[in-house]
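Below is one structure, written out as structure tokens; the observations come after it.
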Amino acid sequence: MTPNPYLWLVPLLPLAGAAINGFFGRRSSKKAITTVALVFCGAAFAMALFLAAGFSSASAPYYCDVAHWLRSGSFQVDFSFYLDQLSLVMLLVVTGVGFLIHIYSVGYMWDDDGYYRFMSYMNLFMFFMLTLVLAKNYLVMFIGWEGVGLSSYLLIGYWFTKDSAAAAGKKAFIVNRIGDFGFLIALFLMIKHFGSLDFTRVFAAVQQQPTETAGAGLLTAIGLLLMVGAAGKSAQIPLYVWLPDAMEGPTPVSALIHAATMVTAGVYMVARSSVIFDRAPMALMVVAIIGTLTALFAATIGIAQTDIKKVLAYSTISQLGYMFMACGVGAFSAGIFHLMTHAFFKGLLFLAAGSVIHGVGGEQDMRKMGGLRLYMPWTFLTMGIATLAIAGIPPFAGFWSKDEILWKAFGASWVYWLIGVVTAFITSFYMFRLMYMTFGGDYRGAVVQEAHGHDAHGHDDHGHGHGEPHESPWVMLGPLVILAVLSVVGGFVGYGNRFEHFLAPVFQGATEVAQETSREAGDSTLEHLLMGVSISVAGLGWLLAYLLYSRRPQLPARIAASLGGLYRAVANKYYIDELYAVLFVKPLVDGSTTILWHGVDQEVIDATVNNSADAARHVSDTVRHMQSGNLRSYAGWVAAGGAVVIAYMVWMGVR
Amino acid sequence: MVPLAYYLLLSGILFVCGVLGFLIKRNIITIFMSIELMLNGVNLSFVAFAAHWHALSGQVFVFFVMVVAAAEAAVGLAIIIAVYRTRETLNVDQVNLLKL
Amino acid sequence: MGSVNMESLGPIILSLVTFIPAAGGLLILLIPRRDRDIKVFALVISVLAFVASLHLPVHLHRDPNPFKFEIDKIWITTPNIHYHMGIDGISVWLVVLTTFLTPLCVLISWTSIHERVKEFFILLLILETALIGVFTSLDLFLFYFFWEATLIPMALLIGMYGHGRRVYAAVKYFLFTIIGSMFMLAAILWLYAKTGSFDFVVIQNAIRSGSVPGFETASLWLFLGFFIAFAVKVPLFPLHTWLPDAHVEAPTAGSVLLAGVLLKMGTYGLLRFDVGLFPEQAHRNAPWIMVLALIGIIYGALVSLVQPNMKKLIAYSSVSHLGFVVLGIFSFTTAGLNGAVFVMLAHGVATGGLFMLAGILYERRHTYEIADFGGLATPMPKYATFFLVTVLASIGLPLLNGFIGEFLVLSGAFQARPIYGILAATGVIWSACYLLWMYQRIFFGKVTHEVNKALPDLNLREKAALWPIAVAALVMGVAPLVWLSAIDPAVQAALAPFTQLASKVVGQ
Amino acid sequence: MMMTAFSHSLPVLLAQVQTSMLPQGADYMRILPELVLSLFGMLVMVVDPLLDEESSHQSLGTIALIGTLVALASTFWMAQYPGTAFWNMVRVEGFSVFFHFLVIAIAAVVILTSYEYLAVQRIRAGEYYGLILFCTVGMCLMSSAIELVLIFIALEISSISTYVLAGFRRRDASSSESSLKYFLLGSFATAFFLYGVALMFGATGSTNIDAISHVLHSGNVPVLAYVATALMFVGLGFKVASAPFHVWTPDVYEGAPAPVVGLMSTGPKAAAFAVLLRVMFEANAPGRFWLIWVSAALSMTLGNLGALVQNNVKRLLAYSSIAHAGYLLAAFAAQPALGTSAAMFYTAAYAAMNVGAFAVVSHFANAGEKYVTLEDYAGLGRKSPVLAATFTFFLMSLIGIPITGGFFAKFYVLTAALHSNLVGLAIILVLNSAVGAYYYLRIIVMMYMREPRGEVPVTPVPTAAALAIAVCVLLTLYLGVLPGRVLDYASQSARQLVSDTAAPRASSGTPTTEP
Amino acid sequence: MLHLILFLFFGAICVAGAINLLVQSHPINSALSLIVVMASLAAEYLLLGAEFVAAVQVIVYAGAIMVLFVITIMLLNAGAEERTKGSRVAILIGIPGVVIGAVLVAWTLIGRSSTTQSVSIGALWGDPKSIARLLFRDFLLPFEVTSVLILIAIMGAVVLASRPKAVARGARKDA
């Protein structure tokens, strides 16, 4: 443990940028806003590079205690930061990709009214994401965790006048909160049993515990609950529903938050808690199963989507599933590796998609695109690279990381591997489908458009009413190109298990497990064989996409028609949203209204109160009628009362 | 020799007659007379007990009660006259403006 | 402030803080009916009280006694009533919360109250004194006196300056609370009859040393007597139905003080008196009380979810939040109690802020119906921002004040009874649901009503009232230690009997 | 015992005549307030025909007021001469001084509130003030008399004058009806009381409280004494308006002139309570506990329930006075010393707030008592803030909100009850005060939360009435903030009273039988 | 024996008078019955030896009070009373109450040993001097206070019975 006094600066720089833009942005020029946003974000990136330069595995982890945060009895939480190999990787990815997307945003959002707001939110997001990544204890991590949720909420609902955007933002926040609920309970378990939330202390305590092989115990519970949190943040089954809707946000947001960084926080958190998961095999298995299922499930939905961003969104979910699968089989470093490469190529995909949307004037429906390779060659080129990367075509980045995962998965169980491979095939298919639909063939969109005629995405391209598609400015293409380069070369960091070795100190326990499994799994021949399989399924996917969407573009519709209900189910995302609405939302709202509010509150409690008041009034009325106004009646009461009194007293006297 | 209880009983009967009169009579003046009857009953008790205790004070009490009764009669009849002026009736059942 | 000065202030500062507002209120009586003068004067007085009250936390640590700034004078000899005041780490912040919110209430009422202005501010200031008095009294009688003294001004504020069914609401509020407090009075008098004292410390010692005759049999009833009074005030399910009505009809300042401080009287009372005097009963009855608190948390949230009226929604959310406080108190864990006290403060700031914001909107549109709004973020961006910050604080976002308390409470409850902690933690989800939904319906989307398009954004006065809320929410979230370091020792002291109880249970 | 004096031989008697045939100066000192009040009453009567009827209101009222003030002063003087006077007829002690002071003060305030009322209603001032002064004489005597016959006569003085006062609005049918009802039922009840006195005389051979107390203390209490107590309780219960003998109250209060109601709901009631205290505690009436317990519980419940739906403020306050009689009776069920002091304090506090409330009501009622319904009070807070505020204050006191005398009154009663382990009664009391809060609140709600009705005029409060209201506010406040002195005095005199019971004084000439 | 016969005789007249008071519907008849009761009571007083009381009874009661009653009846020209059914309470609750109370009181009066002792006829131990001594010494205060009572009665009677004249006096201030 080495103190490093600069760590806290990394998250704080973007916060300063956010604050300046938030408070003064409204009255500042766009140039000034841009400068502030980029300088502070860039400074964070520079800091990260500086930290990386000085990083040495020997003296890691670094830490930095800034201040006490809260204390209750012996329980204490500090604002403290922590840098080890894992957080370094995350730090670089977040600041790097984040900075690139910031630059891109300048071009993309320049004409938007709320430009300052957007930049401020982006910086705020950087702050929270970096806090999450650099946290030294779970509670500071939770700050980031919730904070990125907030930023995500703000950014998804950025175009708040659009009802769908506002609803999507809220949905994202609430679904994330469900995950946070699990996270919180996990924290409470740690507090209860370990008395601390500090990583080092918790992990030290956990390491005292035996591995819970026999059944579910404390660590399994913690692990599962953490996984609930991770599933919320990283859009895994069953909490993935918010991510596709989150595409309502501006595209840079989708790239940054909903592809490259925030959604991977769950993976990061699971990897960070590897010590816990190691001793809870059952929890680990659940992670793997959820990851695998999500990967396949989301991929199938991706096939039938026509919205370019929705395809990418389901793709993201699917890829996140891969990462969880990796973590689930104990290959944390493989998961993180994929996380990194995914950040490059998925960020690139989104940015390129944004460029496309920007270029065609806000249109997101791929059926109205086509032939864009001619109009926007740079976008086509970079997006092509990203597609190759995600499809797992060697030597692009995605191939290496995905292959690593599949290999490790095979070591755990062939089922994971098989599903992984199928998913890889589907991935390749829908990604190339996207490419062909967007860039192949002829342009199918309406060439002449009203300047402001596209209501649905009115803000996306404010002031960009064009006759025909056009290439984006260089401020946007620049980041695309850089990311494309990274998507090409990014995979080589993992060459020869270098990445794994680098992270090894973090996953000490875990790597042992993984190595064991790989040793069991056999020799490198098998590894190469499996590699060949995955390459070939990727190729097959490409081929199929080529056949269906380039050679015989009328075929998909016919297939869809012949599949009937199945296709409709897939196209409608298996009606999961509707199912949730029927199962949870509607009963909750209706139940609260009719049973709790009108029922219990008004009909039972208030009615009881009012009825007793009425009853009192009724009795009062009866009492009133003692006062008939008739003198003789009054005398009657007096006489009768006197008789009672006398009777009592006589009884008392005789007794 | 008459037992004291006889006198007391007589006084009790008078008192009860007074109470009953109050309850059943409708004419205000008669009701007032019933009260006088009750007081008379009490007076008899006083005198009887005075005889029993050989205490003359019991007789003095009767004197005071009579004075009070006289005062009450004066005021009471004045009130009855006042009521009759405003209501034109002596039926107690019809004097029931104030109720509930 | 020099230390010499401080020494001389010591014994009277509490009385000063308590009675400055009421004295100011009486002075207002003498001011001629010029509304502006009255408002300015009320503002000055309330700010003065706030400044004076800041002395308390600043110098709190100097006093080694469990109760600081103690003053104990004989008020009435028979019965043995003392003017006994003192604060500890718990009450000090509630006092400051009161003095903090009152100037904001004055600001927020500046233009919304335009008739019977004089009476309004007199009532407000008297109410402030009564509220502070509740938190500073250490004599049960004095406590009861201030407790009741809050009743009439608040009922009048609701009934005179409220809207719609204000009379019904005021009467309901009044009756609910007075019926509850009558039971407390009976319990207080029983204690007095048996111990010959109203002094909290004396009675506490007498109970602890077991020198109160007949206490064993009566303690449950005494506990319940206090409990009913406090539970009505909190309000705990199912005694909560007065709250939504009172809030909806109350004027903004009334709502702010009602939610911000008045409800805390209940939870403070539970902590100081119910738990402080009858630890064993509290311990024994904790399970069902915690269940009620849990019901309150979830039920309040769910009902809140479907409210069409902004204020009613916030009101039910108070039911939910106060459920956390009760849960924390009856978890009898350090974290739970710390959290409970912190939630009280945080809720005071956040919900007070929400009511202020609702009031600002009401002033412009004269409605609280959520359906009458929509898309307000376009005409009123600053307002929307303040609203969002307050909503987030209320939701319990880390780094804002709501989180700290909620986290500690939940952690405490979880330590005590995991299942309760888990159920209560669902409140985290619910609060996001109802508040964000409300926020969406009010601010997002297109402006649906023509009138709303021209709504003016916040003016300087309103901003002046809202900034302190926002800053407080942030500072409390980032640096909760300022508060917790005072609260923690007091909480530890309050918990002392329970550690003994626990060991007793273990010993058995 | 003095009755036994008659068995002495004549010479001895004659010797006694020589020495004590005439009352001494101190004897007169011990009835000084009564003398002063009677003299001023006669003065009013004498001056009345000399004055023009228009102008007589003010001057006669002032004479009466001076009379009460002088009487108040003479009460202090009287207090310097503790002891019995007129051959054991009256006794000056803390208890009687307390009630003297109380009833005379009530009379003074009521006189102040009557100034305006008489002028507006054209009521004959001479008889009015004279009757009030004489009524006060009766009330004073009730509190100091220790002889049942004198108590009876004093009771009749105060009763008959209030019967007449109730009928003073002679043009109004309801006033004379009120008078008639009060008179007939009052006489009816008095007859019961008198029968009780007779039976008590029969049972103990004496009508002197001390003597009775002594007999009853000696054990072996005859059944007759129980019946006597029952009958006396009927009579006194009627006077203090406790259930089930309360039925007359609302009708009479509604019809009687408002200031008179202020008087009769406090003064004669306080005096009757004093008598009840003497009979119950000092005379040590047997078997009183459950009697009082039930009556107290019944009174407060019926009173409060009856008041809930009333729309006439006077009638509402009548029911409220029944309820308060119930609260007060609860003190009687407690231990003697505690209960007596609590009851004494209660009468004082109740007097202060209720006279004040009726002062407001009688001012607001205006000519012909037109404005007495709840609706008429709508918006009073806007039209006349001060009047409304003071009325609110009195109502708060009646509810029992702290810093008012009403709070401490209820408080002491509750304390006394709990001290005596009367938990059940205490709970009934508590519940009742909660219910009671509702109807007082209705008035407050009307005044502050309803829009004013245009046609109800609010005349400016004349000085006298303002003074009266101010005095009541101050007294209520004083009793609410610094109740210590009054309570100390009350508990001191209560202890005296009760210890007398425990050990009959040596002056009665009989050896103590108590161990 | 003579004593008993006399007692029973006058007692019977007394009770008969009382019952007649209740039965008669015209107030004047009731008043006359009451006079009968009073007269026979005076006789009973004499039997008990209370001659002073007997005398006062005749003078004050029969002489003064009853005259007042009769005059009032005449003045108001009261007729026979109407048999209105005004009060169920008085009949259903009051009368049973009275009966029960009466029985209980009677039972206590008879059943006690202290009251069964006999009194002798006309014992005449109350000589005027003793009575005067009581009245003007021991009961001086009540005696004097009675004057206040009578004063009040006079005032009250004057106020209430006099015809209100203010109505004719023109408009009131507030009108």
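Chain labels A, B, ... are given in the sequence in which chains occur in the structure tokens; within each chain residues are numbered consecutively from 1, and ligands are likewise numbered from 1 in the order shown.
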Could you list the residues in chain D lying within 9 Å of chain E, using only C-alpha atoms, and format the result as a ChimeraX atom specification? /D:2,6,17,20-23,38,86-90,119-124,127-128,130-131,134-135,137-138,149-151,153-154,156-158,160-161,163-165,167-168,170-171,176,202-203,222-224,227,366-367
When you look at C:Tyr192 with a cut-off of 9 Å (counting only C-alpha atoms), what residues show up, excluding the ones that are within fewer than 3 positions of it in the same chain? I need them as a PyMOL selection string. (chain C and resi 79-80+187-189+195-199+203) or (chain D and resi 415+419)
Within 8 Å of chain A, which residues of chain E show up when using only C-alpha atoms, listed as a ChimeraX atom specification? /E:86-91,93-98,100-101,104-105,108
Skipping near chain neighbours, those fewer than 5 positions away, what residues fall within 9 Å of C:Ala350 using only C-alpha atoms, listed as a PDB file with C-alpha atoms, in the first residue's frame?
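Generated output (selection_18.pdb):
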ATOM      1  CA  GLY C 260     -39.722  19.925   8.718  1.00  0.00           C
ATOM      2  CA  LEU C 345     -32.610  16.514  10.023  1.00  0.00           C
ATOM      3  CA  PHE C 355     -42.934  22.034   0.296  1.00  0.00           C
ATOM      4  CA  VAL C 389     -31.730  18.730  -6.198  1.00  0.00           C
ATOM      5  CA  THR C 390     -34.332  18.550  -3.460  1.00  0.00           C
ATOM      6  CA  VAL C 391     -35.933  15.510  -4.978  1.00  0.00           C
ATOM      7  CA  LEU C 392     -32.596  13.797  -5.201  1.00  0.00           C
ATOM      8  CA  ALA C 393     -31.834  14.660  -1.614  1.00  0.00           C
ATOM      9  CA  SER C 394     -35.149  13.166  -0.664  1.00  0.00           C
ATOM     10  CA  ASN C 401     -28.255  14.465   2.953  1.00  0.00           C
ATOM     11  CA  GLY C 402     -30.977  11.899   2.519  1.00  0.00           C
ATOM     12  CA  ILE C 469     -31.892  24.309   1.377  1.00  0.00           C
ATOM     13  CA  ALA C 470     -29.763  23.151  -1.512  1.00  0.00           C
ATOM     14  CA  ALA C 472     -27.615  22.360   3.407  1.00  0.00           C
ATOM     15  CA  ALA C 473     -28.618  19.248   1.516  1.00  0.00           C
TER      16      ALA C 473
END
Please tabulate, as CSV, the residues of chain D that come within 9 Å of chain A, each with its closest pair of atoms and the distance in Å to one decimal, counting only C-alpha atoms and ordering rows by chain, then residue number upward.
residue,atom,partner,partner_atom,distance
D:Lys181,CA,A:Leu631,CA,6.4
D:Leu184,CA,A:Leu631,CA,8.3
D:Leu185,CA,A:Ala635,CA,6.7
D:Phe188,CA,A:Ala635,CA,7.9
D:Ala189,CA,A:Val638,CA,8.0
D:Phe192,CA,A:Gly642,CA,8.7
D:Val221,CA,A:Gly653,CA,7.7
D:Pro222,CA,A:Gly653,CA,7.1
D:Val223,CA,A:Gly653,CA,4.7
D:Leu224,CA,A:Gly653,CA,8.0
D:Ala225,CA,A:Gly653,CA,8.1
D:Tyr226,CA,A:Met649,CA,5.4
D:Val227,CA,A:Ile646,CA,5.9
D:Ala228,CA,A:Ile646,CA,8.7
D:Thr229,CA,A:Met649,CA,7.9
D:Ala230,CA,A:Ile646,CA,5.4
D:Leu231,CA,A:Gly642,CA,7.0
D:Phe233,CA,A:Val645,CA,8.3
D:Val234,CA,A:Gly642,CA,5.8
D:Phe238,CA,A:Val638,CA,8.1
D:Ala243,CA,A:Gly641,CA,8.3
D:Pro244,CA,A:Gly641,CA,5.7
D:Phe245,CA,A:Val638,CA,5.2
D:His246,CA,A:Val638,CA,8.2
D:Val247,CA,A:Tyr634,CA,5.8
D:Trp248,CA,A:Tyr634,CA,6.7
D:Pro250,CA,A:Gln627,CA,7.9
D:Asp251,CA,A:Gly629,CA,7.1
D:Pro286,CA,A:Gly653,CA,8.2
D:Gly287,CA,A:Met652,CA,6.2
D:Arg288,CA,A:Met649,CA,8.3
D:Trp290,CA,A:Tyr648,CA,9.0
D:Leu291,CA,A:Val645,CA,7.0
D:Leu302,CA,A:Val623,CA,6.7
D:Gly303,CA,A:Val623,CA,8.7
D:Asn304,CA,A:Ser620,CA,8.2
D:Leu305,CA,A:Ser620,CA,4.6
D:Gly306,CA,A:Ser620,CA,4.8
D:Ala307,CA,A:Ser620,CA,7.2
D:Leu308,CA,A:Ser620,CA,6.1
D:Val309,CA,A:Arg617,CA,6.4
D:Gln310,CA,A:Arg624,CA,8.6
D:Val435,CA,A:Ala616,CA,8.9
State, in Å with one decimal place, the distance from atom CA of D:Leu69 to atom CA of D:Ala466.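 It comes out at 17.6 Å.
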Interface, chain C side, toward chain D (7 Å; only C-alpha atoms) as a list in words: Ile76, Thr77, Thr78, Phe145, Glu148, Ala149, Gly159, Met160, Val167, Leu175, Ile178, Ile179, Met182, Phe183, Leu189, Trp190 and Ala193 of chain C
Using only N, CA and C atoms, please write the residues we just selected to a file, as a compact mmCIF listing (two decimals), in the first residue's frame.
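What follows is the written file selection26.txt:
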# COMPACT_ATOMS: atom_id res chain seq x y z
N ILE C 76 -42.61 26.44 39.44
CA ILE C 76 -43.75 26.34 40.33
C ILE C 76 -43.36 25.33 41.40
N THR C 77 -43.58 25.69 42.65
CA THR C 77 -43.11 24.77 43.70
C THR C 77 -44.06 23.60 43.86
N THR C 78 -45.33 23.88 43.98
CA THR C 78 -46.28 22.78 44.02
C THR C 78 -47.19 22.90 42.83
N PHE C 145 -45.88 21.35 28.01
CA PHE C 145 -46.37 22.70 27.78
C PHE C 145 -46.02 23.16 26.36
N GLU C 148 -47.94 21.15 23.63
CA GLU C 148 -49.30 21.60 23.38
C GLU C 148 -49.30 22.97 22.73
N ALA C 149 -48.29 23.75 23.10
CA ALA C 149 -48.26 25.11 22.59
C ALA C 149 -48.06 25.14 21.09
N GLY C 159 -55.86 26.54 9.42
CA GLY C 159 -57.25 26.90 9.26
C GLY C 159 -57.47 28.30 8.72
N MET C 160 -56.55 29.21 9.03
CA MET C 160 -56.78 30.59 8.59
C MET C 160 -56.18 30.86 7.23
N VAL C 167 -60.54 23.87 7.00
CA VAL C 167 -61.12 23.73 8.33
C VAL C 167 -61.12 22.27 8.75
N LEU C 175 -57.49 17.49 16.49
CA LEU C 175 -58.07 16.42 17.30
C LEU C 175 -57.14 15.21 17.39
N ILE C 178 -54.35 16.18 19.76
CA ILE C 178 -54.68 16.44 21.16
C ILE C 178 -55.14 15.16 21.84
N ILE C 179 -55.82 14.31 21.09
CA ILE C 179 -56.22 13.05 21.71
C ILE C 179 -54.98 12.26 22.08
N MET C 182 -53.18 13.79 25.14
CA MET C 182 -53.85 13.61 26.42
C MET C 182 -53.34 12.35 27.13
N PHE C 183 -53.10 11.34 26.33
CA PHE C 183 -52.59 10.11 26.93
C PHE C 183 -51.21 10.34 27.52
N LEU C 189 -48.39 12.59 34.33
CA LEU C 189 -48.90 12.84 35.67
C LEU C 189 -48.75 11.61 36.55
N TRP C 190 -48.89 10.44 35.97
CA TRP C 190 -48.68 9.25 36.78
C TRP C 190 -47.25 9.25 37.31
N ALA C 193 -46.96 11.70 40.00
CA ALA C 193 -47.60 11.25 41.23
C ALA C 193 -46.71 10.27 41.99
Counting only C-alpha atoms, what are the residues of chain A within 7 Å of chain C, and for each of them which pair of atoms is the nearest and at what distance in Å, to one decimal? Sort the table by chain and rising number, as CSV.
residue,atom,partner,partner_atom,distance
A:Trp69,CA,C:Ala479,CA,6.1
A:Leu70,CA,C:Leu481,CA,5.4
A:Arg71,CA,C:Leu481,CA,6.8
A:Ser72,CA,C:Ala335,CA,5.5
A:Gly73,CA,C:Thr334,CA,6.0
A:Ile143,CA,C:Pro398,CA,5.1
A:Glu146,CA,C:Leu397,CA,6.6
A:Phe160,CA,C:Phe444,CA,5.0
A:Thr161,CA,C:Gly445,CA,3.7
A:Lys162,CA,C:Gly445,CA,5.1
A:Asp163,CA,C:Gly445,CA,4.7
A:Ala166,CA,C:Phe444,CA,6.1
A:Lys170,CA,C:Leu436,CA,6.3
A:Ile174,CA,C:Ala432,CA,6.1
A:Arg177,CA,C:Ile429,CA,5.4
A:Ile178,CA,C:Ile429,CA,5.9
A:Phe181,CA,C:Ala425,CA,6.4
A:Ile185,CA,C:Ile422,CA,6.6
A:Phe188,CA,C:Ser411,CA,5.3
A:Lys192,CA,C:Gln415,CA,5.8
A:Val589,CA,C:Val306,CA,6.3
A:Ser592,CA,C:Val303,CA,5.4
A:Thr593,CA,C:Val306,CA,5.8
A:Leu596,CA,C:Val303,CA,6.2
A:Trp597,CA,C:Val303,CA,5.4
A:Asp601,CA,C:Thr241,CA,6.9
A:Ile605,CA,C:Pro238,CA,6.9
A:Asp606,CA,C:Thr241,CA,6.5
Which neighbours of stretch 265-270 of chain C fall inside 9 Å, counting only C-alpha atoms, when residues of the same chain fewer than 6 positions from it are skipped, and could you give them as a compact mmCIF listing (two decimals) with N, CA, C and O atoms, in the first residue's frame?
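Below is the file out-v4.txt, written as the result:
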# COMPACT_ATOMS: atom_id res chain seq x y z
N ILE C 90 -28.40 15.41 20.18
CA ILE C 90 -29.56 15.13 19.34
C ILE C 90 -30.41 16.37 19.20
O ILE C 90 -30.74 16.82 18.11
N SER C 91 -30.75 16.94 20.34
CA SER C 91 -31.71 18.05 20.27
C SER C 91 -31.08 19.30 19.69
O SER C 91 -31.79 20.12 19.09
N LEU C 94 -31.87 19.63 16.17
CA LEU C 94 -33.28 19.88 15.89
C LEU C 94 -33.63 21.35 16.16
O LEU C 94 -34.42 21.95 15.44
N LEU C 131 -41.77 25.16 19.16
CA LEU C 131 -41.02 24.04 18.60
C LEU C 131 -39.65 23.92 19.25
O LEU C 131 -39.21 22.83 19.64
N VAL C 134 -39.91 22.52 22.69
CA VAL C 134 -40.10 21.07 22.77
C VAL C 134 -38.74 20.37 22.81
O VAL C 134 -38.55 19.41 23.57
N PHE C 135 -37.82 20.87 22.02
CA PHE C 135 -36.54 20.18 21.92
C PHE C 135 -35.58 20.52 23.06
O PHE C 135 -34.61 19.82 23.29
N TRP C 147 -45.14 21.31 23.93
CA TRP C 147 -45.76 20.35 23.00
C TRP C 147 -47.16 20.82 22.62
O TRP C 147 -47.54 20.90 21.46
N PHE C 226 -47.17 7.53 26.31
CA PHE C 226 -46.25 8.38 25.56
C PHE C 226 -46.26 8.01 24.08
O PHE C 226 -46.28 8.87 23.21
N PHE C 227 -46.28 6.73 23.85
CA PHE C 227 -46.13 6.27 22.47
C PHE C 227 -47.26 6.79 21.58
O PHE C 227 -47.03 7.21 20.46
N ALA C 229 -49.07 9.46 21.86
CA ALA C 229 -48.90 10.87 21.54
C ALA C 229 -47.86 11.05 20.45
O ALA C 229 -48.05 11.81 19.49
N PHE C 230 -46.75 10.35 20.60
CA PHE C 230 -45.67 10.53 19.63
C PHE C 230 -46.02 9.89 18.29
O PHE C 230 -45.69 10.43 17.24
N ALA C 231 -46.68 8.75 18.36
CA ALA C 231 -46.99 8.04 17.11
C ALA C 231 -47.95 8.85 16.25
O ALA C 231 -47.85 8.85 15.03
N VAL C 232 -48.85 9.56 16.90
CA VAL C 232 -49.75 10.41 16.13
C VAL C 232 -48.95 11.50 15.44
O VAL C 232 -49.17 11.82 14.28
N LYS C 233 -48.01 12.03 16.16
CA LYS C 233 -47.26 13.16 15.62
C LYS C 233 -46.31 12.71 14.52
O LYS C 233 -46.03 13.47 13.61
N VAL C 234 -45.82 11.49 14.62
CA VAL C 234 -44.72 11.09 13.70
C VAL C 234 -45.07 11.22 12.22
O VAL C 234 -44.26 11.79 11.50
N PRO C 235 -46.13 10.78 11.68
CA PRO C 235 -47.17 9.92 12.18
C PRO C 235 -46.90 8.49 11.76
O PRO C 235 -46.44 8.24 10.66
N GLY C 276 -36.09 6.70 26.31
CA GLY C 276 -35.22 7.13 27.40
C GLY C 276 -35.75 6.74 28.76
O GLY C 276 -34.98 6.41 29.66
N LEU C 322 -40.52 9.13 7.69
CA LEU C 322 -40.53 9.08 9.14
C LEU C 322 -40.57 7.64 9.64
O LEU C 322 -40.14 7.34 10.75
N VAL C 325 -37.21 6.71 10.42
CA VAL C 325 -36.72 7.20 11.71
C VAL C 325 -37.15 6.26 12.83
O VAL C 325 -36.33 5.86 13.67
N VAL C 326 -38.41 5.91 12.79
CA VAL C 326 -38.90 5.04 13.87
C VAL C 326 -38.19 3.69 13.81
O VAL C 326 -37.80 3.12 14.84
N ILE C 329 -34.83 4.08 15.33
CA ILE C 329 -34.84 4.22 16.78
C ILE C 329 -35.05 2.87 17.44
O ILE C 329 -34.34 2.49 18.37
N ALA C 340 -31.34 7.55 12.48
CA ALA C 340 -32.68 8.09 12.74
C ALA C 340 -32.60 9.59 12.97
O ALA C 340 -33.36 10.36 12.39
N VAL C 341 -31.63 9.99 13.80
CA VAL C 341 -31.51 11.42 14.06
C VAL C 341 -31.14 12.16 12.77
O VAL C 341 -31.67 13.23 12.47
N MET C 344 -34.05 12.59 10.53
CA MET C 344 -34.91 13.69 10.98
C MET C 344 -34.44 15.01 10.39
O MET C 344 -35.23 15.79 9.86
Give me, as an NGL selection string, all polymer residues having an atom no more than 9 Å from A:Tyr108, counting only C-alpha atoms and skipping those fewer than 6 positions away in the same chain. :A and (250-252 or 354-355 or 358 or 460-461 or 472-473 or 475-476)
I want to know what sits within 6 Å of stretch 13-15 of chain B, based on only C-alpha atoms, with residues of the same chain fewer than 2 positions away left out; could you give that as a VMD selection string? chain B and resid 10 to 11 17 to 18 38 41
So which one's closest to chain E, B:Ala50, B:Leu98, B:Leu4, B:Ile28? Using only C-alpha atoms, please. B:Leu4
So which bits of stretch 21-57 of chain B end up helix (DSSP H, G or I) when you DSSP the backbone, as a PyMOL selection string? chain B and resi 21-24+28-53+57
